[in-house]
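Okay, protein_26.cif is below, mmCIF, C-alpha atoms:
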data_structure
loop_
_atom_site.group_PDB
_atom_site.id
_atom_site.type_symbol
_atom_site.label_atom_id
_atom_site.label_comp_id
_atom_site.auth_asym_id
_atom_site.auth_seq_id
_atom_site.Cartn_x
_atom_site.Cartn_y
_atom_site.Cartn_z
ATOM 1 C CA MET A 279 -213.969 -90.488 21.199
ATOM 2 C CA PHE A 280 -211.238 -87.927 20.499
ATOM 3 C CA LEU A 281 -212.097 -86.238 23.789
ATOM 4 C CA ALA A 282 -211.755 -89.558 25.620
ATOM 5 C CA ILE A 283 -208.338 -90.175 24.043
ATOM 6 C CA ALA A 284 -207.190 -86.651 24.924
ATOM 7 C CA LEU A 285 -208.395 -86.983 28.512
ATOM 8 C CA LEU A 286 -206.711 -90.386 28.812
ATOM 9 C CA ILE A 287 -203.386 -88.913 27.704
ATOM 10 C CA VAL A 288 -203.767 -85.983 30.114
ATOM 11 C CA GLY A 289 -204.717 -88.390 32.897
ATOM 12 C CA LEU A 290 -201.657 -90.562 32.264
ATOM 13 C CA PHE A 291 -199.378 -87.523 32.255
ATOM 14 C CA LEU A 292 -200.828 -86.243 35.541
ATOM 15 C CA LEU A 293 -200.631 -89.733 37.048
ATOM 16 C CA VAL A 294 -196.938 -90.107 36.229
ATOM 17 C CA TYR A 295 -196.189 -86.549 37.370
ATOM 18 C CA GLY A 296 -198.087 -87.004 40.630
ATOM 19 C CA ALA A 297 -196.277 -90.269 41.371
ATOM 20 C CA ASP A 298 -192.915 -88.634 40.707
ATOM 21 C CA ARG A 299 -193.703 -85.735 43.068
ATOM 22 C CA LEU A 300 -194.921 -88.137 45.759
ATOM 23 C CA VAL A 301 -191.701 -90.130 45.605
ATOM 24 C CA TYR A 302 -189.639 -86.929 45.607
ATOM 25 C CA GLY A 303 -191.409 -85.511 48.656
ATOM 26 C CA ALA A 304 -191.258 -88.792 50.565
ATOM 27 C CA ALA A 305 -187.547 -89.204 49.781
ATOM 28 C CA VAL A 306 -186.698 -85.676 50.974
ATOM 29 C CA ILE A 307 -188.629 -86.049 54.223
ATOM 30 C CA SER A 308 -187.207 -89.521 54.873
ATOM 31 C CA ARG A 309 -183.686 -88.231 54.358
ATOM 32 C CA SER A 310 -184.267 -85.330 56.766
ATOM 33 C CA LEU A 311 -185.494 -87.832 59.374
ATOM 34 C CA GLY A 312 -182.218 -89.713 59.121
ATOM 35 C CA VAL A 313 -183.366 -92.692 57.047
ATOM 36 C CA PRO A 314 -180.267 -94.127 55.305
ATOM 37 C CA PRO A 315 -180.119 -93.362 51.565
ATOM 38 C CA LEU A 316 -179.816 -97.084 50.820
ATOM 39 C CA ILE A 317 -183.179 -97.807 52.453
ATOM 40 C CA ILE A 318 -184.801 -94.844 50.672
ATOM 41 C CA GLY A 319 -183.515 -96.068 47.311
ATOM 42 C CA MET A 320 -184.571 -99.686 47.864
ATOM 43 C CA THR A 321 -188.046 -98.963 49.272
ATOM 44 C CA ILE A 322 -189.548 -95.513 48.594
ATOM 45 C CA VAL A 323 -187.976 -95.044 45.176
ATOM 46 C CA GLY A 324 -188.401 -98.730 44.302
ATOM 47 C CA ILE A 325 -192.097 -98.786 45.137
ATOM 48 C CA GLY A 326 -192.504 -95.375 43.522
ATOM 49 C CA THR A 327 -191.790 -96.756 40.055
ATOM 50 C CA SER A 328 -194.879 -98.956 40.435
ATOM 51 C CA LEU A 329 -197.061 -96.254 41.955
ATOM 52 C CA PRO A 330 -198.925 -95.332 38.719
ATOM 53 C CA GLU A 331 -199.794 -99.011 38.200
ATOM 54 C CA LEU A 332 -200.902 -99.342 41.822
ATOM 55 C CA ILE A 333 -203.183 -96.299 41.733
ATOM 56 C CA VAL A 334 -204.812 -97.265 38.424
ATOM 57 C CA SER A 335 -205.224 -100.947 39.282
ATOM 58 C CA THR A 336 -206.740 -100.150 42.672
ATOM 59 C CA THR A 337 -209.137 -97.623 41.118
ATOM 60 C CA ALA A 338 -210.159 -100.110 38.428
ATOM 61 C CA ALA A 339 -210.682 -102.918 40.955
ATOM 62 C CA LEU A 340 -212.802 -100.735 43.229
ATOM 63 C CA ASN A 341 -214.853 -99.864 40.158
ATOM 64 C CA GLY A 342 -215.490 -103.588 39.558
ATOM 65 C CA GLN A 343 -213.047 -103.748 36.630
ATOM 66 C CA ILE A 344 -210.737 -106.446 37.951
ATOM 67 C CA ASP A 345 -209.713 -107.540 34.433
ATOM 68 C CA MET A 346 -208.340 -104.065 33.759
ATOM 69 C CA ALA A 347 -206.406 -104.196 37.034
ATOM 70 C CA VAL A 348 -204.896 -107.609 36.235
ATOM 71 C CA GLY A 349 -204.179 -106.586 32.650
ATOM 72 C CA ASN A 350 -202.308 -103.537 33.904
ATOM 73 C CA VAL A 351 -200.037 -105.714 36.051
ATOM 74 C CA LEU A 352 -199.281 -108.337 33.397
ATOM 75 C CA GLY A 353 -199.036 -105.784 30.603
ATOM 76 C CA SER A 354 -196.717 -103.498 32.570
ATOM 77 C CA ASN A 355 -194.338 -106.359 33.335
ATOM 78 C CA ILE A 356 -194.314 -107.452 29.690
ATOM 79 C CA THR A 357 -193.848 -103.854 28.527
ATOM 80 C CA ASN A 358 -191.009 -103.277 30.995
ATOM 81 C CA ILE A 359 -188.934 -106.161 29.654
ATOM 82 C CA LEU A 360 -189.800 -106.378 25.975
ATOM 83 C CA LEU A 361 -190.376 -102.723 25.099
ATOM 84 C CA ILE A 362 -188.439 -100.645 27.624
ATOM 85 C CA LEU A 363 -185.333 -102.806 27.989
ATOM 86 C CA GLY A 364 -185.462 -103.477 24.255
ATOM 87 C CA VAL A 365 -185.384 -99.752 23.462
ATOM 88 C CA ALA A 366 -182.750 -99.051 26.141
ATOM 89 C CA ALA A 367 -180.476 -101.826 24.806
ATOM 90 C CA LEU A 368 -180.810 -100.486 21.269
ATOM 91 C CA ILE A 369 -179.681 -97.075 22.521
ATOM 92 C CA HIS A 370 -176.789 -98.501 24.554
ATOM 93 C CA PRO A 371 -175.856 -102.138 25.283
ATOM 94 C CA LEU A 372 -176.584 -102.930 28.935
ATOM 95 C CA ALA A 373 -174.226 -104.873 31.204
ATOM 96 C CA ALA A 374 -175.502 -106.353 34.487
ATOM 97 C CA ARG A 375 -172.535 -105.831 36.811
ATOM 98 C CA SER A 376 -174.304 -105.499 40.172
ATOM 99 C CA GLU A 377 -174.356 -108.510 42.500
ATOM 100 C CA ILE A 378 -177.575 -107.146 44.035
ATOM 101 C CA LEU A 379 -179.197 -107.143 40.606
ATOM 102 C CA ARG A 380 -178.235 -110.742 39.900
ATOM 103 C CA ARG A 381 -179.555 -111.756 43.324
ATOM 104 C CA GLU A 382 -182.857 -110.000 42.571
ATOM 105 C CA LEU A 383 -183.460 -111.997 39.389
ATOM 106 C CA PRO A 384 -184.318 -115.292 41.151
ATOM 107 C CA LEU A 385 -186.703 -113.314 43.366
ATOM 108 C CA MET A 386 -188.386 -111.869 40.271
ATOM 109 C CA LEU A 387 -188.801 -115.379 38.872
ATOM 110 C CA ALA A 388 -190.156 -116.626 42.208
ATOM 111 C CA VAL A 389 -192.863 -113.945 42.428
ATOM 112 C CA THR A 390 -193.692 -114.528 38.743
ATOM 113 C CA VAL A 391 -194.346 -118.185 39.530
ATOM 114 C CA LEU A 392 -196.406 -117.080 42.540
ATOM 115 C CA CYS A 393 -198.458 -114.858 40.211
ATOM 116 C CA GLY A 394 -199.244 -117.885 38.045
ATOM 117 C CA PHE A 395 -200.328 -119.837 41.105
ATOM 118 C CA VAL A 396 -202.682 -116.989 42.066
ATOM 119 C CA LEU A 397 -204.210 -116.585 38.597
ATOM 120 C CA MET A 398 -204.564 -120.197 37.470
ATOM 121 C CA ASP A 399 -207.959 -120.736 39.161
ATOM 122 C CA GLY A 400 -209.448 -117.740 37.329
ATOM 123 C CA THR A 401 -210.166 -115.670 40.454
ATOM 124 C CA LEU A 402 -208.439 -113.174 42.703
ATOM 125 C CA SER A 403 -209.410 -113.751 46.329
ATOM 126 C CA ARG A 404 -208.617 -111.878 49.509
ATOM 127 C CA LEU A 405 -206.437 -114.806 50.510
ATOM 128 C CA ASP A 406 -204.476 -114.259 47.295
ATOM 129 C CA GLY A 407 -204.096 -110.602 48.247
ATOM 130 C CA VAL A 408 -202.798 -111.470 51.711
ATOM 131 C CA LEU A 409 -200.357 -113.974 50.191
ATOM 132 C CA LEU A 410 -199.031 -111.456 47.669
ATOM 133 C CA LEU A 411 -198.647 -108.640 50.201
ATOM 134 C CA ALA A 412 -196.884 -110.983 52.627
ATOM 135 C CA ALA A 413 -194.506 -111.831 49.786
ATOM 136 C CA ALA A 414 -193.992 -108.083 49.225
ATOM 137 C CA ALA A 415 -193.014 -107.550 52.867
ATOM 138 C CA GLY A 416 -190.663 -110.531 52.720
ATOM 139 C CA PHE A 417 -189.098 -109.258 49.494
ATOM 140 C CA ILE A 418 -188.421 -105.786 50.920
ATOM 141 C CA LEU A 419 -186.789 -107.211 54.043
ATOM 142 C CA LEU A 420 -184.707 -109.628 52.000
ATOM 143 C CA MET A 421 -183.563 -106.939 49.571
ATOM 144 C CA LEU A 422 -182.488 -104.640 52.407
ATOM 145 C CA LYS A 423 -180.467 -107.511 53.854
ATOM 146 C CA ILE A 424 -178.875 -108.244 50.470
ATOM 147 C CA ALA A 425 -178.087 -104.549 49.924
ATOM 148 C CA ARG A 426 -176.449 -104.180 53.343
ATOM 149 C CA LEU A 427 -174.417 -107.329 52.729
ATOM 150 C CA ALA A 428 -173.284 -106.007 49.347
ATOM 151 C CA GLN A 429 -172.226 -102.714 50.931
ATOM 152 C CA ARG A 430 -170.159 -104.499 53.554
ATOM 153 C CA GLU A 431 -168.472 -106.558 50.862
ATOM 154 C CA GLY A 432 -167.701 -103.408 48.890
ATOM 155 C CA SER A 433 -169.431 -100.645 46.934
ATOM 156 C CA ASP A 434 -172.077 -102.156 44.677
ATOM 157 C CA SER A 435 -172.680 -100.349 41.391
ATOM 158 C CA LEU A 436 -176.469 -100.498 41.702
ATOM 159 C CA THR A 437 -176.618 -98.991 45.216
ATOM 160 C CA MET A 438 -174.155 -96.269 44.205
ATOM 161 C CA GLU A 439 -176.294 -95.353 41.191
ATOM 162 C CA GLN A 440 -179.499 -95.372 43.272
ATOM 163 C CA ILE A 441 -178.040 -93.140 45.983
ATOM 164 C CA ALA A 442 -176.662 -90.720 43.378
ATOM 165 C CA GLU A 443 -180.168 -90.257 41.935
ATOM 166 C CA LEU A 444 -181.779 -89.304 45.271
ATOM 167 C CA PRO A 445 -182.783 -85.641 45.798
ATOM 168 C CA GLN A 446 -180.036 -83.780 47.637
ATOM 169 C CA ASP A 447 -180.918 -80.233 48.631
ATOM 170 C CA SER A 448 -184.565 -79.441 49.295
ATOM 171 C CA SER A 449 -186.560 -78.182 52.254
ATOM 172 C CA ASN A 450 -189.161 -80.176 54.132
ATOM 173 C CA THR A 451 -191.712 -77.429 53.457
ATOM 174 C CA VAL A 452 -191.338 -77.838 49.712
ATOM 175 C CA ALA A 453 -191.456 -81.618 50.103
ATOM 176 C CA VAL A 454 -194.716 -81.450 52.107
ATOM 177 C CA LEU A 455 -196.278 -79.173 49.478
ATOM 178 C CA TRP A 456 -195.359 -81.693 46.777
ATOM 179 C CA LEU A 457 -196.873 -84.496 48.843
ATOM 180 C CA VAL A 458 -200.132 -82.583 49.275
ATOM 181 C CA LEU A 459 -200.270 -81.800 45.550
ATOM 182 C CA ALA A 460 -199.543 -85.448 44.693
ATOM 183 C CA PHE A 461 -202.338 -86.704 46.964
ATOM 184 C CA ILE A 462 -204.736 -84.385 45.114
ATOM 185 C CA ILE A 463 -203.510 -85.263 41.609
ATOM 186 C CA LEU A 464 -203.248 -89.039 41.927
ATOM 187 C CA PRO A 465 -206.886 -89.984 42.663
ATOM 188 C CA LEU A 466 -208.213 -87.498 40.105
ATOM 189 C CA SER A 467 -205.826 -88.608 37.368
ATOM 190 C CA SER A 468 -206.436 -92.314 38.042
ATOM 191 C CA ARG A 469 -210.159 -91.730 37.715
ATOM 192 C CA MET A 470 -209.557 -89.968 34.390
ATOM 193 C CA VAL A 471 -207.446 -92.872 33.131
ATOM 194 C CA VAL A 472 -209.884 -95.624 34.114
ATOM 195 C CA ASP A 473 -213.046 -93.816 32.969
ATOM 196 C CA ASN A 474 -211.674 -92.794 29.573
ATOM 197 C CA ALA A 475 -209.968 -96.148 28.987
ATOM 198 C CA THR A 476 -213.402 -97.728 29.556
ATOM 199 C CA VAL A 477 -214.967 -95.398 26.988
ATOM 200 C CA ILE A 478 -212.278 -96.311 24.448
ATOM 201 C CA ALA A 479 -212.704 -100.026 25.174
ATOM 202 C CA HIS A 480 -216.436 -99.872 24.574
ATOM 203 C CA TYR A 481 -216.026 -97.797 21.411
ATOM 204 C CA PHE A 482 -213.560 -100.198 19.775
ATOM 205 C CA GLY A 483 -215.083 -103.364 21.219
ATOM 206 C CA LEU A 484 -211.963 -104.181 23.232
ATOM 207 C CA SER A 485 -212.057 -106.169 26.432
ATOM 208 C CA GLU A 486 -211.033 -104.483 29.685
ATOM 209 C CA LEU A 487 -208.195 -107.003 29.928
ATOM 210 C CA VAL A 488 -206.709 -105.947 26.575
ATOM 211 C CA VAL A 489 -207.035 -102.238 27.431
ATOM 212 C CA GLY A 490 -205.191 -102.897 30.685
ATOM 213 C CA LEU A 491 -202.531 -104.928 28.867
ATOM 214 C CA THR A 492 -201.837 -102.252 26.272
ATOM 215 C CA ILE A 493 -203.045 -98.649 26.618
ATOM 216 C CA ILE A 494 -202.898 -98.455 30.409
ATOM 217 C CA ALA A 495 -199.850 -100.699 30.819
ATOM 218 C CA ILE A 496 -197.755 -98.671 28.378
ATOM 219 C CA GLY A 497 -198.962 -95.393 29.881
ATOM 220 C CA THR A 498 -198.256 -96.354 33.486
ATOM 221 C CA SER A 499 -194.816 -97.708 32.491
ATOM 222 C CA LEU A 500 -193.643 -94.255 31.390
ATOM 223 C CA PRO A 501 -191.568 -93.705 34.596
ATOM 224 C CA GLU A 502 -189.693 -96.953 33.960
ATOM 225 C CA LEU A 503 -189.186 -95.941 30.314
ATOM 226 C CA ALA A 504 -187.757 -92.546 31.293
ATOM 227 C CA THR A 505 -185.513 -93.998 34.016
ATOM 228 C CA SER A 506 -184.172 -96.844 31.896
ATOM 229 C CA ILE A 507 -183.433 -94.684 28.850
ATOM 230 C CA ALA A 508 -181.772 -92.039 31.060
ATOM 231 C CA GLY A 509 -179.729 -94.788 32.729
ATOM 232 C CA ALA A 510 -178.679 -96.201 29.366
ATOM 233 C CA LEU A 511 -177.649 -92.764 28.057
ATOM 234 C CA LYS A 512 -175.605 -92.052 31.211
ATOM 235 C CA GLY A 513 -173.997 -95.489 31.224
ATOM 236 C CA GLU A 514 -175.829 -96.474 34.418
ATOM 237 C CA ASP A 515 -176.617 -99.937 33.119
ATOM 238 C CA ASP A 516 -177.432 -101.474 36.498
ATOM 239 C CA MET A 517 -179.919 -98.686 37.214
ATOM 240 C CA ALA A 518 -181.635 -99.260 33.869
ATOM 241 C CA ILE A 519 -181.954 -103.021 34.407
ATOM 242 C CA GLY A 520 -182.509 -102.915 38.188
ATOM 243 C CA ASN A 521 -185.329 -100.410 37.765
ATOM 244 C CA ILE A 522 -187.179 -102.912 35.552
ATOM 245 C CA ILE A 523 -186.555 -105.905 37.825
ATOM 246 C CA GLY A 524 -187.687 -104.009 40.933
ATOM 247 C CA SER A 525 -190.737 -102.604 39.171
ATOM 248 C CA ASN A 526 -191.830 -106.049 37.963
ATOM 249 C CA ILE A 527 -191.494 -107.498 41.443
ATOM 250 C CA PHE A 528 -193.485 -104.684 43.053
ATOM 251 C CA ASN A 529 -196.087 -104.852 40.281
ATOM 252 C CA THR A 530 -196.611 -108.555 40.898
ATOM 253 C CA VAL A 531 -196.810 -108.595 44.682
ATOM 254 C CA ILE A 532 -198.222 -105.144 45.527
ATOM 255 C CA VAL A 533 -200.095 -103.893 42.449
ATOM 256 C CA LEU A 534 -201.827 -107.270 42.114
ATOM 257 C CA GLY A 535 -202.107 -107.834 45.867
ATOM 258 C CA VAL A 536 -203.895 -104.618 46.841
ATOM 259 C CA PRO A 537 -206.791 -104.958 44.319
ATOM 260 C CA ALA A 538 -207.180 -108.621 45.307
ATOM 261 C CA LEU A 539 -207.475 -107.637 48.946
ATOM 262 C CA LEU A 540 -209.872 -104.729 48.361
ATOM 263 C CA SER A 541 -212.048 -106.038 45.536
ATOM 264 C CA PRO A 542 -211.729 -109.788 44.847
ATOM 265 C CA GLY A 543 -213.444 -111.314 41.828
ATOM 266 C CA SER A 544 -213.197 -113.541 38.762
ATOM 267 C CA VAL A 545 -210.576 -112.866 36.094
ATOM 268 C CA ASP A 546 -210.729 -113.308 32.302
ATOM 269 C CA ALA A 547 -209.316 -116.781 31.540
ATOM 270 C CA ALA A 548 -207.028 -115.310 28.855
ATOM 271 C CA ALA A 549 -205.023 -113.542 31.544
ATOM 272 C CA PHE A 550 -203.570 -116.855 32.683
ATOM 273 C CA GLN A 551 -203.874 -118.893 29.496
ATOM 274 C CA ARG A 552 -202.127 -116.328 27.265
ATOM 275 C CA ASP A 553 -200.684 -113.256 28.956
ATOM 276 C CA TYR A 554 -199.175 -114.847 32.048
ATOM 277 C CA TRP A 555 -197.039 -117.176 29.928
ATOM 278 C CA VAL A 556 -195.748 -114.257 27.857
ATOM 279 C CA MET A 557 -194.769 -112.490 31.095
ATOM 280 C CA LEU A 558 -193.070 -115.648 32.404
ATOM 281 C CA ALA A 559 -191.176 -116.200 29.130
ATOM 282 C CA ALA A 560 -189.993 -112.565 29.108
ATOM 283 C CA SER A 561 -188.855 -112.864 32.737
ATOM 284 C CA VAL A 562 -186.915 -116.066 32.038
ATOM 285 C CA LEU A 563 -185.306 -114.489 28.964
ATOM 286 C CA LEU A 564 -184.210 -111.434 30.967
ATOM 287 C CA SER A 565 -182.732 -113.691 33.649
ATOM 288 C CA VAL A 566 -180.804 -115.729 31.074
ATOM 289 C CA LEU A 567 -179.383 -112.551 29.514
ATOM 290 C CA CYS A 568 -178.317 -111.072 32.868
ATOM 291 C CA ILE A 569 -177.050 -114.202 34.608
ATOM 292 C CA GLY A 570 -175.467 -115.757 31.529
ATOM 293 C CA ARG A 571 -171.757 -115.767 30.816
ATOM 294 C CA LYS A 572 -171.679 -112.249 29.340
ATOM 295 C CA HIS A 573 -174.151 -110.583 31.778
ATOM 296 C CA HIS A 574 -175.059 -108.488 28.763
ATOM 297 C CA ILE A 575 -178.067 -107.211 26.798
ATOM 298 C CA GLY A 576 -176.659 -106.069 23.450
ATOM 299 C CA HIS A 577 -178.148 -104.453 20.370
ATOM 300 C CA LEU A 578 -179.245 -107.793 18.905
ATOM 301 C CA ALA A 579 -180.948 -108.856 22.143
ATOM 302 C CA GLY A 580 -182.621 -105.431 22.348
ATOM 303 C CA ALA A 581 -183.940 -105.818 18.805
ATOM 304 C CA LEU A 582 -185.268 -109.304 19.595
ATOM 305 C CA LEU A 583 -187.012 -108.019 22.745
ATOM 306 C CA LEU A 584 -188.632 -105.212 20.774
ATOM 307 C CA CYS A 585 -189.733 -107.588 18.010
ATOM 308 C CA GLY A 586 -191.230 -109.835 20.687
ATOM 309 C CA PHE A 587 -193.275 -106.920 22.002
ATOM 310 C CA ILE A 588 -194.557 -106.038 18.533
ATOM 311 C CA ALA A 589 -195.489 -109.693 17.933
ATOM 312 C CA TYR A 590 -197.356 -109.791 21.255
ATOM 313 C CA LEU A 591 -199.347 -106.671 20.332
ATOM 314 C CA ALA A 592 -200.180 -108.267 16.985
ATOM 315 C CA VAL A 593 -201.577 -111.314 18.770
ATOM 316 C CA LEU A 594 -203.694 -109.115 21.042
ATOM 317 C CA PHE A 595 -205.165 -106.894 18.353
ATOM 318 C CA PHE A 596 -205.514 -109.293 15.447
ATOM 319 C CA ASN A 597 -206.854 -112.327 17.300
ATOM 320 C CA PRO A 598 -210.627 -111.900 17.533
ATOM 321 C CA PHE A 599 -210.821 -114.114 20.642
ATOM 322 C CA SER A 600 -208.394 -111.910 22.530
ATOM 323 C CA THR A 601 -209.644 -108.464 21.534
ATOM 324 C CA PHE A 602 -213.362 -108.688 21.833
ATOM 325 C CA GLY A 603 -215.217 -109.378 25.031
#

Step by step, read the file and then write its structure as structure tokens.
Amino acid sequence: MFLAIALLIVGLFLLVYGADRLVYGAAVISRSLGVPPLIIGMTIVGIGTSLPELIVSTTAALNGQIDMAVGNVLGSNITNILLILGVAALIHPLAARSEILRRELPLMLAVTVLCGFVLMDGTLSRLDGVLLLAAAAGFILLMLKIARLAQREGSDSLTMEQIAELPQDSSNTVAVLWLVLAFIILPLSSRMVVDNATVIAHYFGLSELVVGLTIIAIGTSLPELATSIAGALKGEDDMAIGNIIGSNIFNTVIVLGVPALLSPGSVDAAAFQRDYWVMLAASVLLSVLCIGRKHHIGHLAGALLLCGFIAYLAVLFFNPFSTFG
């Protein structure tokens, strides 16, 4: 058991590192090919924050563990808002100043509702996968349009922060080497994560859904945690919040869509009956905080978000119906 835990931690570390190197290499090459920094920041870097979730969920689904894949999506979105933004707001109050960010929030709510529509019948079908991936394509196109409009109207704080974080000076050769290394690391590390998470689940009598909601979700959300805390410490509030909103959208439409397309199947009823509603409530709360009169997530709100996450974990691990299966 201790070996499984150690290998899971190593696998998560390699997964996050491999995803980071893949995004770095892709961003450098895209920039050298003349792709505008705005597009790189909104697409490659945006999708990159959800890459660990995508790799793990796809691996789990192909292994017939669709509950783990779904749990990873729902759990990551819950973790992003309640845990990561809660911690970031406790470190430094976050103000949502970007117009792009406030325009993204209704889109996040829309795809969250779409997720509920997909999950409520207790199955993920290929049609669901097509629907989600079509929504992903539509979202990317819409966000690029919104970003260009915001730039024409004047410098938007979120786009400025995103562009500033892009790699500046690096050769294509180095970037290609990182890409090759990432493509080696990612499938191996995802296999380590899924296999050892399964061992831990069986040992403790946990369902695959709960393992996906907790151990894997928290582990694959490490890039969002690092980015949001760094943004909070540097005063880049829009980056900290926008990173979470973008990640949740990509998690919902891509990380859920790809497994549905590749390996459809039935889903644990608790995913919709319990966990989906927690995700929806967290998403609505985030929207209220960011769109409200103060556009502000202060220390008190951060503490409430964090307490909400702890309460959710308590429900998962101390409710016999939800932990065993």

Which is closer to A:Leu361 than all the others in A:Leu534, A:Met279, A:Ala518, A:Ile496, using all atoms listed in the file?
A:Ile496

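This file gives the following result for the PyMOL selection byres ((chain A and resi 573) around 10): Leu372, Ala373, Ala374, Arg375, Ser376, Arg380, Ser565, Val566, Leu567, Cys568, Ile569, Gly570, Arg571, Lys572, His574, Ile575 and Gly576 of chain A.
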
With C-alpha atoms retained, export the selected residues as an mmCIF file, in the frame of the given file.
data_model
loop_
_atom_site.group_PDB
_atom_site.id
_atom_site.type_symbol
_atom_site.label_atom_id
_atom_site.label_comp_id
_atom_site.auth_asym_id
_atom_site.auth_seq_id
_atom_site.Cartn_x
_atom_site.Cartn_y
_atom_site.Cartn_z
ATOM 1 C CA LEU A 372 -176.584 -102.930 28.935
ATOM 2 C CA ALA A 373 -174.226 -104.873 31.204
ATOM 3 C CA ALA A 374 -175.502 -106.353 34.487
ATOM 4 C CA ARG A 375 -172.535 -105.831 36.811
ATOM 5 C CA SER A 376 -174.304 -105.499 40.172
ATOM 6 C CA ARG A 380 -178.235 -110.742 39.900
ATOM 7 C CA SER A 565 -182.732 -113.691 33.649
ATOM 8 C CA VAL A 566 -180.804 -115.729 31.074
ATOM 9 C CA LEU A 567 -179.383 -112.551 29.514
ATOM 10 C CA CYS A 568 -178.317 -111.072 32.868
ATOM 11 C CA ILE A 569 -177.050 -114.202 34.608
ATOM 12 C CA GLY A 570 -175.467 -115.757 31.529
ATOM 13 C CA ARG A 571 -171.757 -115.767 30.816
ATOM 14 C CA LYS A 572 -171.679 -112.249 29.340
ATOM 15 C CA HIS A 574 -175.059 -108.488 28.763
ATOM 16 C CA ILE A 575 -178.067 -107.211 26.798
ATOM 17 C CA GLY A 576 -176.659 -106.069 23.450
#

Would you translate the PyMOL selection byres ((chain A and resi 531) around 6) into the concrete set of residues it matches in this file, as a list in words?
Leu410, Leu411, Ala414, Phe528, Asn529, Thr530, Ile532, Leu534 and Gly535 of chain A

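Atom CA of A:Leu286 is found 13.9 Å from atom CA of A:Pro465.
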
Which residues are close to A:Asp399, i.e. within 10 Å by only C-alpha atoms, leaving aside same-chain residues fewer than 2 positions away? Reply as a VMD selection string.
chain A and resid 394 to 397 401 to 402 544 to 545 547 550

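Closest approach to A:Gly289 among A:Thr498, A:Leu539, A:Val452, A:Leu387: A:Thr498, based on only C-alpha atoms.
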
Nearest to A:Ala495, restricted to all atoms listed in the file and choosing among A:Gly312, A:Pro542, A:Gly296, A:Pro330, comes out as A:Pro330

Let me know the centre plus edge lengths, in Å and rounded to one decimal, of a box with edges along x, y and z that contains all listed atoms of stretch 521-537 of chain A and is padded by 3 Å on every side, as lines of an AutoDock Vina configuration file.
center_x = -196.1
center_y = -104.5
center_z = 41.2
size_x = 27.5
size_y = 14.2
size_z = 17.3

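Counting from atom CA of A:Pro371, the distance to atom CA of A:Phe417 is 28.5 Å.
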
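Across the model, the gap from atom CA of A:Tyr481 to atom CA of A:Tyr295 is 27.8 Å.
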
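The residue that comes closest to A:Val306, out of A:Ile462, A:Leu594, A:Val454, A:Ala560 and on the basis of only C-alpha atoms, is A:Val454.
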
Just the residues within 9 Å of A:Pro537, please, counting all atoms listed in the file, with nothing from its chain fewer than 4 positions along; format it as a PyMOL selection string.
chain A and resi 332+335-340+344+347-348+402+404+407+532-533+541-542
